[in-house]
>>> print(open('structure.cif').read())   # mmCIF, C-alpha atoms and all ligand atoms
data_my_file
#
loop_
_atom_site.group_PDB
_atom_site.id
_atom_site.type_symbol
_atom_site.label_atom_id
_atom_site.label_comp_id
_atom_site.auth_asym_id
_atom_site.auth_seq_id
_atom_site.Cartn_x
_atom_site.Cartn_y
_atom_site.Cartn_z
ATOM 1 C CA MET A 1 0.000 0.000 0.000
ATOM 2 C CA ALA A 2 1.377 3.376 -0.957
ATOM 3 C CA PRO A 3 2.091 5.706 1.962
ATOM 4 C CA ILE A 4 -0.286 8.598 2.454
ATOM 5 C CA PRO A 5 1.346 11.769 1.253
ATOM 6 C CA GLY A 6 2.559 13.882 4.189
ATOM 7 C CA SER A 7 2.372 10.978 6.738
ATOM 8 C CA GLY A 8 6.160 11.075 7.286
ATOM 9 C CA LEU A 9 6.006 14.787 8.036
ATOM 10 C CA ALA A 10 3.155 14.238 10.498
ATOM 11 C CA LYS A 11 5.115 11.473 12.301
ATOM 12 C CA GLY A 12 8.160 13.723 12.600
ATOM 13 C CA LEU A 13 6.102 16.592 13.976
ATOM 14 C CA ALA A 14 4.463 14.220 16.477
ATOM 15 C CA VAL A 15 7.903 13.178 17.789
ATOM 16 C CA THR A 16 8.937 16.846 18.035
ATOM 17 C CA LEU A 17 5.793 17.739 19.968
ATOM 18 C CA ARG A 18 6.248 14.762 22.343
ATOM 19 C CA THR A 19 9.840 15.644 23.223
ATOM 20 C CA MET A 20 9.039 19.355 23.522
ATOM 21 C CA THR A 21 6.731 18.682 26.429
ATOM 22 C CA LYS A 22 9.242 16.478 28.353
ATOM 23 C CA LYS A 23 11.832 17.821 30.805
ATOM 24 C CA SER A 24 15.266 18.169 29.207
ATOM 25 C CA VAL A 25 18.054 15.929 30.609
ATOM 26 C CA THR A 26 20.874 17.672 28.775
ATOM 27 C CA ALA A 27 23.422 19.228 31.151
ATOM 28 C CA GLN A 28 25.045 22.414 29.938
ATOM 29 C CA TYR A 29 28.605 21.372 30.826
ATOM 30 C CA PRO A 30 30.917 23.191 31.665
ATOM 31 C CA ASP A 31 28.457 25.852 32.892
ATOM 32 C CA ALA A 32 26.618 23.158 34.859
ATOM 33 C CA GLN A 33 28.956 20.759 36.661
ATOM 34 C CA PRO A 34 27.848 17.113 36.734
ATOM 35 C CA ASP A 35 26.687 15.614 40.018
ATOM 36 C CA LEU A 36 29.087 12.666 40.139
ATOM 37 C CA PRO A 37 28.667 9.581 42.321
ATOM 38 C CA PRO A 38 31.122 9.400 45.243
ATOM 39 C CA ARG A 39 33.023 6.419 43.796
ATOM 40 C CA THR A 40 33.694 8.028 40.431
ATOM 41 C CA ARG A 41 36.972 6.956 38.817
ATOM 42 C CA GLY A 42 38.361 10.277 37.633
ATOM 43 C CA VAL A 43 42.079 10.289 38.376
ATOM 44 C CA ILE A 44 44.466 8.501 40.743
ATOM 45 C CA GLY A 45 45.998 10.295 43.741
ATOM 46 C CA LEU A 46 49.230 9.178 45.446
ATOM 47 C CA PHE A 47 49.712 9.482 49.209
ATOM 48 C CA GLU A 48 53.478 9.318 49.044
ATOM 49 C CA GLU A 49 54.078 8.884 52.779
ATOM 50 C CA ASN A 50 52.359 5.497 52.671
ATOM 51 C CA CYS A 51 54.297 4.209 49.656
ATOM 52 C CA THR A 52 57.047 1.715 50.509
ATOM 53 C CA VAL A 53 58.145 1.279 46.859
ATOM 54 C CA CYS A 54 57.082 -2.353 46.922
ATOM 55 C CA MET A 55 56.396 -2.136 43.138
ATOM 56 C CA LEU A 56 53.226 -4.241 43.379
ATOM 57 C CA CYS A 57 51.089 -1.645 41.587
ATOM 58 C CA ALA A 58 53.564 -1.276 38.714
ATOM 59 C CA ARG A 59 53.852 -5.059 38.325
ATOM 60 C CA GLU A 60 50.084 -5.656 38.339
ATOM 61 C CA CYS A 61 49.114 -2.768 36.052
ATOM 62 C CA PRO A 62 47.864 -4.411 32.823
ATOM 63 C CA ASP A 63 48.906 -1.384 30.751
ATOM 64 C CA TRP A 64 52.363 -0.958 32.279
ATOM 65 C CA CYS A 65 51.669 2.744 32.671
ATOM 66 C CA ILE A 66 53.045 3.193 36.226
ATOM 67 C CA TYR A 67 56.689 4.266 36.323
ATOM 68 C CA ILE A 68 58.593 3.969 39.609
ATOM 69 C CA ASP A 69 62.268 4.713 40.302
ATOM 70 C CA SER A 70 63.875 4.315 43.699
ATOM 71 C CA HIS A 71 67.156 3.790 45.473
ATOM 72 C CA LYS A 72 68.155 2.118 48.730
ATOM 73 C CA GLU A 73 69.296 4.044 51.753
ATOM 74 C CA THR A 74 71.085 2.638 54.789
ATOM 75 C CA ILE A 75 69.750 3.651 58.181
ATOM 76 C CA PRO A 76 72.323 3.481 60.999
ATOM 77 C CA ALA A 77 71.648 1.120 63.908
ATOM 78 C CA ALA A 78 69.317 2.605 66.522
ATOM 79 C CA THR A 79 71.303 1.110 69.426
ATOM 80 C CA PRO A 80 75.065 0.516 69.853
ATOM 81 C CA GLY A 81 75.931 -2.898 68.450
ATOM 82 C CA GLY A 82 72.616 -3.088 66.571
ATOM 83 C CA ARG A 83 72.162 -3.866 62.918
ATOM 84 C CA GLU A 84 72.007 -1.288 60.147
ATOM 85 C CA ARG A 85 68.789 -1.316 58.178
ATOM 86 C CA SER A 86 68.061 -0.393 54.594
ATOM 87 C CA ARG A 87 64.943 1.201 53.156
ATOM 88 C CA ASN A 88 63.651 2.122 49.708
ATOM 89 C CA VAL A 89 63.478 5.812 48.873
ATOM 90 C CA LEU A 90 61.127 6.930 46.132
ATOM 91 C CA ASP A 91 62.753 8.923 43.314
ATOM 92 C CA ARG A 92 59.982 8.906 40.753
ATOM 93 C CA PHE A 93 56.333 7.852 40.707
ATOM 94 C CA ALA A 94 54.363 8.642 37.559
ATOM 95 C CA ILE A 95 51.189 7.390 35.897
ATOM 96 C CA ASP A 96 50.584 7.801 32.177
ATOM 97 C CA PHE A 97 46.858 8.564 31.925
ATOM 98 C CA SER A 98 46.974 8.357 28.136
ATOM 99 C CA LEU A 99 47.494 4.592 28.597
ATOM 100 C CA CYS A 100 45.578 4.005 31.835
ATOM 101 C CA MET A 101 42.277 2.197 31.364
ATOM 102 C CA TYR A 102 40.965 3.056 34.850
ATOM 103 C CA CYS A 103 40.655 -0.579 35.895
ATOM 104 C CA GLY A 104 41.628 0.257 39.502
ATOM 105 C CA ILE A 105 43.891 -2.801 39.913
ATOM 106 C CA CYS A 106 46.789 -0.669 41.187
ATOM 107 C CA ILE A 107 44.570 0.782 43.917
ATOM 108 C CA GLU A 108 43.223 -2.648 44.864
ATOM 109 C CA VAL A 109 46.639 -4.319 45.146
ATOM 110 C CA CYS A 110 48.462 -1.549 47.023
ATOM 111 C CA PRO A 111 49.010 -3.099 50.480
ATOM 112 C CA PHE A 112 49.765 0.239 52.152
ATOM 113 C CA ASP A 113 46.829 2.451 51.071
ATOM 114 C CA ALA A 114 48.983 4.790 49.025
ATOM 115 C CA LEU A 115 46.722 5.081 45.959
ATOM 116 C CA PHE A 116 43.168 6.455 45.861
ATOM 117 C CA TRP A 117 40.516 7.363 43.316
ATOM 118 C CA SER A 118 39.622 11.021 42.947
ATOM 119 C CA PRO A 119 36.478 12.089 41.065
ATOM 120 C CA GLU A 120 38.366 14.905 39.265
ATOM 121 C CA PHE A 121 38.237 14.437 35.507
ATOM 122 C CA GLU A 122 39.100 17.820 34.010
ATOM 123 C CA TYR A 123 42.713 17.203 33.025
ATOM 124 C CA ALA A 124 42.494 16.952 29.244
ATOM 125 C CA GLU A 125 45.669 18.092 27.472
ATOM 126 C CA THR A 126 46.512 19.132 23.946
ATOM 127 C CA ASP A 127 49.900 17.382 24.197
ATOM 128 C CA ILE A 128 49.659 13.670 25.004
ATOM 129 C CA ARG A 129 52.965 13.790 26.913
ATOM 130 C CA ASP A 130 51.347 16.058 29.499
ATOM 131 C CA LEU A 131 49.036 13.208 30.479
ATOM 132 C CA THR A 132 51.922 11.556 32.327
ATOM 133 C CA HIS A 133 51.406 12.874 35.846
ATOM 134 C CA GLU A 134 54.501 12.892 38.032
ATOM 135 C CA ARG A 135 54.493 12.453 41.827
ATOM 136 C CA ASP A 136 53.834 16.143 42.618
ATOM 137 C CA LYS A 137 50.778 16.172 40.383
ATOM 138 C CA LEU A 138 49.614 12.824 41.806
ATOM 139 C CA ARG A 139 49.960 14.266 45.303
ATOM 140 C CA GLU A 140 47.829 17.267 44.345
ATOM 141 C CA TRP A 141 45.092 14.893 43.239
ATOM 142 C CA MET A 142 45.248 13.334 46.680
ATOM 143 C CA TRP A 143 43.651 16.445 48.232
ATOM 144 C CA THR A 144 40.597 15.989 46.005
ATOM 145 C CA VAL A 145 39.901 12.447 47.228
ATOM 146 C CA PRO A 146 36.545 12.380 49.072
ATOM 147 C CA ALA A 147 36.376 11.178 52.670
ATOM 148 C CA PRO A 148 35.455 7.498 53.080
ATOM 149 C CA PRO A 149 31.777 6.745 53.753
ATOM 150 C CA ALA A 150 30.703 6.575 57.380
ATOM 151 C CA LEU A 151 30.867 3.183 59.095
ATOM 152 C CA ASP A 152 27.734 1.235 59.985
ATOM 153 C CA PRO A 153 26.553 2.111 63.518
ATOM 154 C CA GLY A 154 27.444 -1.352 64.865
ATOM 155 C CA ALA A 155 30.758 -1.682 63.011
ATOM 156 C CA GLU A 156 34.003 -2.306 64.867
ATOM 157 C CA GLU A 157 36.240 0.754 65.187
ATOM 158 C CA PRO A 158 39.074 0.622 62.608
ATOM 159 C CA LYS A 159 42.398 -0.424 64.121
ATOM 160 C CA GLU A 160 44.155 2.770 62.969
ATOM 161 C CA LEU A 161 41.502 4.992 64.568
ATOM 162 C CA ALA A 162 41.506 2.982 67.813
ATOM 163 C CA ALA A 163 45.310 3.248 68.060
ATOM 164 C CA ALA A 164 45.226 7.009 67.337
ATOM 165 C CA ARG A 165 42.465 7.573 69.909
ATOM 166 C CA LYS A 166 44.370 5.644 72.612
ATOM 167 C CA ALA A 167 47.558 7.605 71.859
ATOM 168 C CA ALA A 168 45.649 10.932 72.079
ATOM 169 C CA GLU A 169 44.024 9.905 75.388
ATOM 170 C CA LYS A 170 47.410 8.876 76.810
ATOM 171 C CA LEU A 171 48.961 12.202 75.760
ATOM 172 C CA ALA A 172 46.060 14.172 77.258
ATOM 173 C CA ALA A 173 46.426 12.254 80.546
ATOM 174 C CA GLN A 174 50.156 13.040 80.642
ATOM 175 C CA GLN A 175 49.585 16.740 79.980
ATOM 176 C CA SER A 176 46.709 17.318 82.447
ATOM 177 C CA PRO A 177 47.893 18.610 85.909
ATOM 178 C CA PRO A 178 47.646 16.159 88.869
ATOM 179 C CA PRO A 179 44.683 16.739 91.260
ATOM 180 C CA THR A 180 45.701 19.091 94.140
ATOM 181 C CA GLU A 181 45.238 18.090 97.800
ATOM 182 C CA PRO A 182 42.831 20.374 99.773
ATOM 183 C CA HIS A 183 44.597 22.850 102.041
ATOM 184 C CA ALA A 184 45.040 21.802 105.711
ATOM 185 C CA ASP A 185 42.957 24.801 106.960
ATOM 186 C CA GLU A 186 40.078 23.873 104.654
ATOM 187 C CA GLN A 187 40.219 20.275 105.894
ATOM 188 C CA ALA A 188 40.036 21.491 109.551
ATOM 189 C CA ARG A 189 37.078 23.830 108.812
ATOM 190 C CA ALA A 190 35.239 21.015 107.029
ATOM 191 C CA ALA A 191 35.708 18.767 110.094
ATOM 192 C CA GLU A 192 34.335 21.459 112.477
ATOM 193 C CA ARG A 193 31.277 22.236 110.307
ATOM 194 C CA PRO A 194 28.068 20.865 112.044
ATOM 195 C CA THR A 195 26.399 18.136 110.123
ATOM 196 C CA ARG A 196 22.661 18.246 109.483
ATOM 197 C CA PRO A 197 20.532 15.315 110.516
ATOM 198 C CA HIS A 198 19.313 13.260 107.618
ATOM 199 C CA GLY A 199 15.635 13.531 106.725
ATOM 200 C CA ASP A 200 13.108 15.588 104.889
ATOM 201 C CA SER A 201 13.397 19.328 105.695
ATOM 202 C CA LYS A 202 9.599 19.698 105.173
ATOM 203 C CA GLN A 203 8.962 17.213 107.994
ATOM 204 C CA GLN A 204 11.014 19.349 110.363
ATOM 205 C CA THR A 205 9.143 22.600 109.570
ATOM 206 C CA ASP A 206 5.762 20.866 109.922
ATOM 207 C CA GLN A 207 6.450 19.882 113.547
ATOM 208 C CA PRO A 208 4.621 22.160 116.092
ATOM 209 C CA LYS A 209 6.754 24.722 117.862
ATOM 210 C CA PRO A 210 6.923 24.720 121.692
ATOM 211 C CA GLY A 211 3.801 26.419 123.130
ATOM 212 C CA GLN A 212 1.720 25.743 119.998
ATOM 213 C CA GLU A 213 0.629 22.210 120.949
ATOM 214 C CA GLY A 214 -3.161 21.832 120.830
ATOM 215 C CA THR A 215 -3.833 25.227 119.124
ATOM 216 C CA PRO A 216 -6.288 24.943 116.197
HETATM 217 S S1 LIG B 1 43.944 1.968 36.896
HETATM 218 FE FE1 LIG B 1 44.614 0.064 35.871
HETATM 219 S S2 LIG B 1 45.541 0.746 33.974
HETATM 220 FE FE2 LIG B 1 45.397 2.564 35.259
HETATM 221 S S3 LIG B 1 47.364 2.687 36.321
HETATM 222 FE FE3 LIG B 1 45.999 1.508 37.646
HETATM 223 S S4 LIG B 1 46.344 -0.646 37.123
HETATM 224 FE FE4 LIG B 1 47.206 0.614 35.458
HETATM 225 S S1 LIG B 2 51.709 -0.869 45.574
HETATM 226 FE FE1 LIG B 2 51.414 0.934 46.895
HETATM 227 S S2 LIG B 2 53.180 0.878 48.299
HETATM 228 FE FE2 LIG B 2 53.677 -0.469 46.568
HETATM 229 S S3 LIG B 2 54.780 0.862 45.125
HETATM 230 FE FE3 LIG B 2 52.630 0.913 44.521
HETATM 231 S S4 LIG B 2 51.784 2.713 45.593
HETATM 232 FE FE4 LIG B 2 53.735 2.221 46.564
#
>>> encode(input="structure.cif", output="structure tokens")
Amino acid sequence: MAPIPGSGLAKGLAVTLRTMTKKSVTAQYPDAQPDLPPRTRGVIGLFEENCTVCMLCARECPDWCIYIDSHKETIPAATPGGRERSRNVLDRFAIDFSLCMYCGICIEVCPFDALFWSPEFEYAETDIRDLTHERDKLREWMWTVPAPPALDPGAEEPKELAAARKAAEKLAAQQSPPPTEPHADEQARAAERPTRPHGDSKQQTDQPKPGQEGTP
């Protein structure tokens, strides 16, 4: 059957009219910033103090886009006759975000909580080489990492928080002044002070005074 002339135009106008009456879902980015979920994978932040240069993240990264350089440093023995120790010192930590596929494996495998997701995503560059973020840039991202969600009301207190709380309580106890003994004169005055008999004060006032017995 041949189509009715003008039916296509009518269908198109019907679609236009339908969508005109619905609320628009288009966000006018960048004038309107998106409301991102808290676990958005935008960029990776490095908390350098926690990094022990164990290299786990670089080894597990499927894209090989984490670059770490380090050297060993010898720490002298803490006590006479003790053993010297050695530790890794971080020289370079960089992530190439032009290769990263945002799988999150590096963050999952880090045993020392040194890597975190930040929801920041506005770091597009015109030169691809600028997408390799060095340790200073990765540290800056760290300050944009949102706070972890609150624990369930019945959850056990995290070990780190419990240890920090105990240390703070111990420090506060050490810094607070010891309770002072009352002065000898005050003690003597307190001993001389007459003590009131126990009982309800109302009962005492309700008792008849001498000479009032039998009066209506
Ligand atoms: S998110 Fe995945 S691809 Fe990106 S650096 Fe981490 S492990 Fe590598
Ligand atoms: S896994 Fe964590 S501690 Fe180990 S090198 Fe990577 S960021 Fe540092």
>>> closest_residue(input="structure.cif", among="A:Thr74, A:Thr126, A:Thr132, A:Ser118", to="Ser98 in chain A", atoms="all atoms listed in the file")
A:Thr132
>>> closest_atom_pairs(input="structure.cif", of="chain A", to="ligand LIG 1 (chain B)", cutoff="12 Å", atoms="only C-alpha atoms and all ligand atoms", output="CSV")
residue,atom,partner,partner_atom,distance
A:Arg41,CA,B:LIG1,S1,8.8
A:Gly42,CA,B:LIG1,S1,10.0
A:Val43,CA,B:LIG1,S1,8.7
A:Ile44,CA,B:LIG1,S1,7.6
A:Gly45,CA,B:LIG1,FE3,10.7
A:Leu46,CA,B:LIG1,S3,11.4
A:Met55,CA,B:LIG1,S4,11.8
A:Leu56,CA,B:LIG1,S4,10.0
A:Cys57,CA,B:LIG1,S4,6.6
A:Ala58,CA,B:LIG1,FE4,7.4
A:Arg59,CA,B:LIG1,S4,8.8
A:Glu60,CA,B:LIG1,S4,6.4
A:Cys61,CA,B:LIG1,S4,3.7
A:Pro62,CA,B:LIG1,FE4,5.7
A:Asp63,CA,B:LIG1,S2,5.1
A:Trp64,CA,B:LIG1,FE4,6.3
A:Cys65,CA,B:LIG1,S3,5.6
A:Ile66,CA,B:LIG1,S3,5.7
A:Tyr67,CA,B:LIG1,S3,9.5
A:Ile68,CA,B:LIG1,S3,11.8
A:Phe93,CA,B:LIG1,S3,11.2
A:Ala94,CA,B:LIG1,S3,9.3
A:Ile95,CA,B:LIG1,S3,6.1
A:Asp96,CA,B:LIG1,S3,7.3
A:Phe97,CA,B:LIG1,FE2,7.0
A:Ser98,CA,B:LIG1,FE2,9.3
A:Leu99,CA,B:LIG1,S2,6.9
A:Cys100,CA,B:LIG1,FE2,3.7
A:Met101,CA,B:LIG1,S2,4.4
A:Tyr102,CA,B:LIG1,S1,3.8
A:Cys103,CA,B:LIG1,FE1,4.0
A:Gly104,CA,B:LIG1,S1,3.9
A:Ile105,CA,B:LIG1,S4,4.3
A:Cys106,CA,B:LIG1,S4,4.1
A:Ile107,CA,B:LIG1,FE3,6.5
A:Glu108,CA,B:LIG1,S4,8.6
A:Val109,CA,B:LIG1,S4,8.8
A:Cys110,CA,B:LIG1,S4,10.2
A:Leu115,CA,B:LIG1,FE3,9.1
A:Phe116,CA,B:LIG1,FE3,10.0
A:Trp117,CA,B:LIG1,S1,9.1
A:Ser118,CA,B:LIG1,S1,11.7
A:Thr132,CA,B:LIG1,S3,10.7
A:His133,CA,B:LIG1,S3,11.0
A:Leu138,CA,B:LIG1,S3,11.7
>>> write_last_selection(input="structure.cif", atoms="C-alpha atoms", output="short mmCIF file (atom, residue, chain, number, x, y, z; two decimals), in the frame of the given file")
data_model
loop_
_atom_site.label_atom_id
_atom_site.label_comp_id
_atom_site.auth_asym_id
_atom_site.auth_seq_id
_atom_site.Cartn_x
_atom_site.Cartn_y
_atom_site.Cartn_z
CA ARG A 41 36.97 6.96 38.82
CA GLY A 42 38.36 10.28 37.63
CA VAL A 43 42.08 10.29 38.38
CA ILE A 44 44.47 8.50 40.74
CA GLY A 45 46.00 10.30 43.74
CA LEU A 46 49.23 9.18 45.45
CA MET A 55 56.40 -2.14 43.14
CA LEU A 56 53.23 -4.24 43.38
CA CYS A 57 51.09 -1.64 41.59
CA ALA A 58 53.56 -1.28 38.71
CA ARG A 59 53.85 -5.06 38.33
CA GLU A 60 50.08 -5.66 38.34
CA CYS A 61 49.11 -2.77 36.05
CA PRO A 62 47.86 -4.41 32.82
CA ASP A 63 48.91 -1.38 30.75
CA TRP A 64 52.36 -0.96 32.28
CA CYS A 65 51.67 2.74 32.67
CA ILE A 66 53.04 3.19 36.23
CA TYR A 67 56.69 4.27 36.32
CA ILE A 68 58.59 3.97 39.61
CA PHE A 93 56.33 7.85 40.71
CA ALA A 94 54.36 8.64 37.56
CA ILE A 95 51.19 7.39 35.90
CA ASP A 96 50.58 7.80 32.18
CA PHE A 97 46.86 8.56 31.92
CA SER A 98 46.97 8.36 28.14
CA LEU A 99 47.49 4.59 28.60
CA CYS A 100 45.58 4.00 31.84
CA MET A 101 42.28 2.20 31.36
CA TYR A 102 40.96 3.06 34.85
CA CYS A 103 40.66 -0.58 35.90
CA GLY A 104 41.63 0.26 39.50
CA ILE A 105 43.89 -2.80 39.91
CA CYS A 106 46.79 -0.67 41.19
CA ILE A 107 44.57 0.78 43.92
CA GLU A 108 43.22 -2.65 44.86
CA VAL A 109 46.64 -4.32 45.15
CA CYS A 110 48.46 -1.55 47.02
CA LEU A 115 46.72 5.08 45.96
CA PHE A 116 43.17 6.46 45.86
CA TRP A 117 40.52 7.36 43.32
CA SER A 118 39.62 11.02 42.95
CA THR A 132 51.92 11.56 32.33
CA HIS A 133 51.41 12.87 35.85
CA LEU A 138 49.61 12.82 41.81
#
>>> atom_distance(input="structure.cif", atom1="CA of Ala147 in chain A", atom2="CA of Pro119 in chain A")
11.6 Å
>>> residues_around(input="structure.cif", residues="Asp69 in chain A", least_positions_apart="2", cutoff="9 Å", atoms="only C-alpha atoms", output="list in words")
Val53, Tyr67, His71, Val89, Leu90, Asp91, Arg92 and Phe93 of chain A
>>> atom_distance(input="structure.cif", atom1="CA of Ala114 in chain A", atom2="atom FE2 of ligand LIG 2 (chain B)")
7.5 Å
>>> atom_distance(input="structure.cif", atom1="CA of Glu48 in chain A", atom2="CA of Thr144 in chain A")
14.8 Å
>>> closest_residue(input="structure.cif", among="A:Asn50, A:Thr40, A:Gln28, A:Ser86", to="ligand LIG 2 (chain B)", atoms="all atoms listed in the file")
A:Asn50
>>> closest_residue(input="structure.cif", among="A:Cys51, A:Val25, A:Val145, A:Ala14", to="ligand LIG 2 (chain B)", atoms="only C-alpha atoms and all ligand atoms")
A:Cys51
>>> closest_residue(input="structure.cif", among="A:Glu169, A:Asp152, A:Tyr123, A:Leu9", to="Lys137 in chain A", atoms="all atoms listed in the file")
A:Tyr123
>>> closest_residue(input="structure.cif", among="A:Phe121, A:Arg165, A:Arg87, A:Cys54", to="ligand LIG 2 (chain B)", atoms="only C-alpha atoms and all ligand atoms")
A:Cys54
>>> closest_residue(input="structure.cif", among="A:Asp113, A:Glu134, A:Asp31, A:Glu73", to="ligand LIG 2 (chain B)", atoms="all atoms listed in the file")
A:Asp113
>>> axis_aligned_box(input="structure.cif", around="ligand LIG 2 (chain B)", padding_each_side="5 Å", output="lines of an AutoDock Vina configuration file")
center_x = 53.1
center_y = 0.9
center_z = 46.4
size_x = 13.4
size_y = 13.6
size_z = 13.8
>>> decode(input="structure.cif", residues="range 7-41 of chain A", atoms="C-alpha atoms", output="mmCIF file, in the first residue's frame")
data_model
loop_
_atom_site.group_PDB
_atom_site.id
_atom_site.type_symbol
_atom_site.label_atom_id
_atom_site.label_comp_id
_atom_site.auth_asym_id
_atom_site.auth_seq_id
_atom_site.Cartn_x
_atom_site.Cartn_y
_atom_site.Cartn_z
ATOM 1 C CA SER A 7 2.372 10.978 6.738
ATOM 2 C CA GLY A 8 6.160 11.075 7.286
ATOM 3 C CA LEU A 9 6.006 14.787 8.036
ATOM 4 C CA ALA A 10 3.155 14.238 10.498
ATOM 5 C CA LYS A 11 5.115 11.473 12.301
ATOM 6 C CA GLY A 12 8.160 13.723 12.600
ATOM 7 C CA LEU A 13 6.102 16.592 13.976
ATOM 8 C CA ALA A 14 4.463 14.220 16.477
ATOM 9 C CA VAL A 15 7.903 13.178 17.789
ATOM 10 C CA THR A 16 8.937 16.846 18.035
ATOM 11 C CA LEU A 17 5.793 17.739 19.968
ATOM 12 C CA ARG A 18 6.248 14.762 22.343
ATOM 13 C CA THR A 19 9.840 15.644 23.223
ATOM 14 C CA MET A 20 9.039 19.355 23.522
ATOM 15 C CA THR A 21 6.731 18.682 26.429
ATOM 16 C CA LYS A 22 9.242 16.478 28.353
ATOM 17 C CA LYS A 23 11.832 17.821 30.805
ATOM 18 C CA SER A 24 15.266 18.169 29.207
ATOM 19 C CA VAL A 25 18.054 15.929 30.609
ATOM 20 C CA THR A 26 20.874 17.672 28.775
ATOM 21 C CA ALA A 27 23.422 19.228 31.151
ATOM 22 C CA GLN A 28 25.045 22.414 29.938
ATOM 23 C CA TYR A 29 28.605 21.372 30.826
ATOM 24 C CA PRO A 30 30.917 23.191 31.665
ATOM 25 C CA ASP A 31 28.457 25.852 32.892
ATOM 26 C CA ALA A 32 26.618 23.158 34.859
ATOM 27 C CA GLN A 33 28.956 20.759 36.661
ATOM 28 C CA PRO A 34 27.848 17.113 36.734
ATOM 29 C CA ASP A 35 26.687 15.614 40.018
ATOM 30 C CA LEU A 36 29.087 12.666 40.139
ATOM 31 C CA PRO A 37 28.667 9.581 42.321
ATOM 32 C CA PRO A 38 31.122 9.400 45.243
ATOM 33 C CA ARG A 39 33.023 6.419 43.796
ATOM 34 C CA THR A 40 33.694 8.028 40.431
ATOM 35 C CA ARG A 41 36.972 6.956 38.817
#
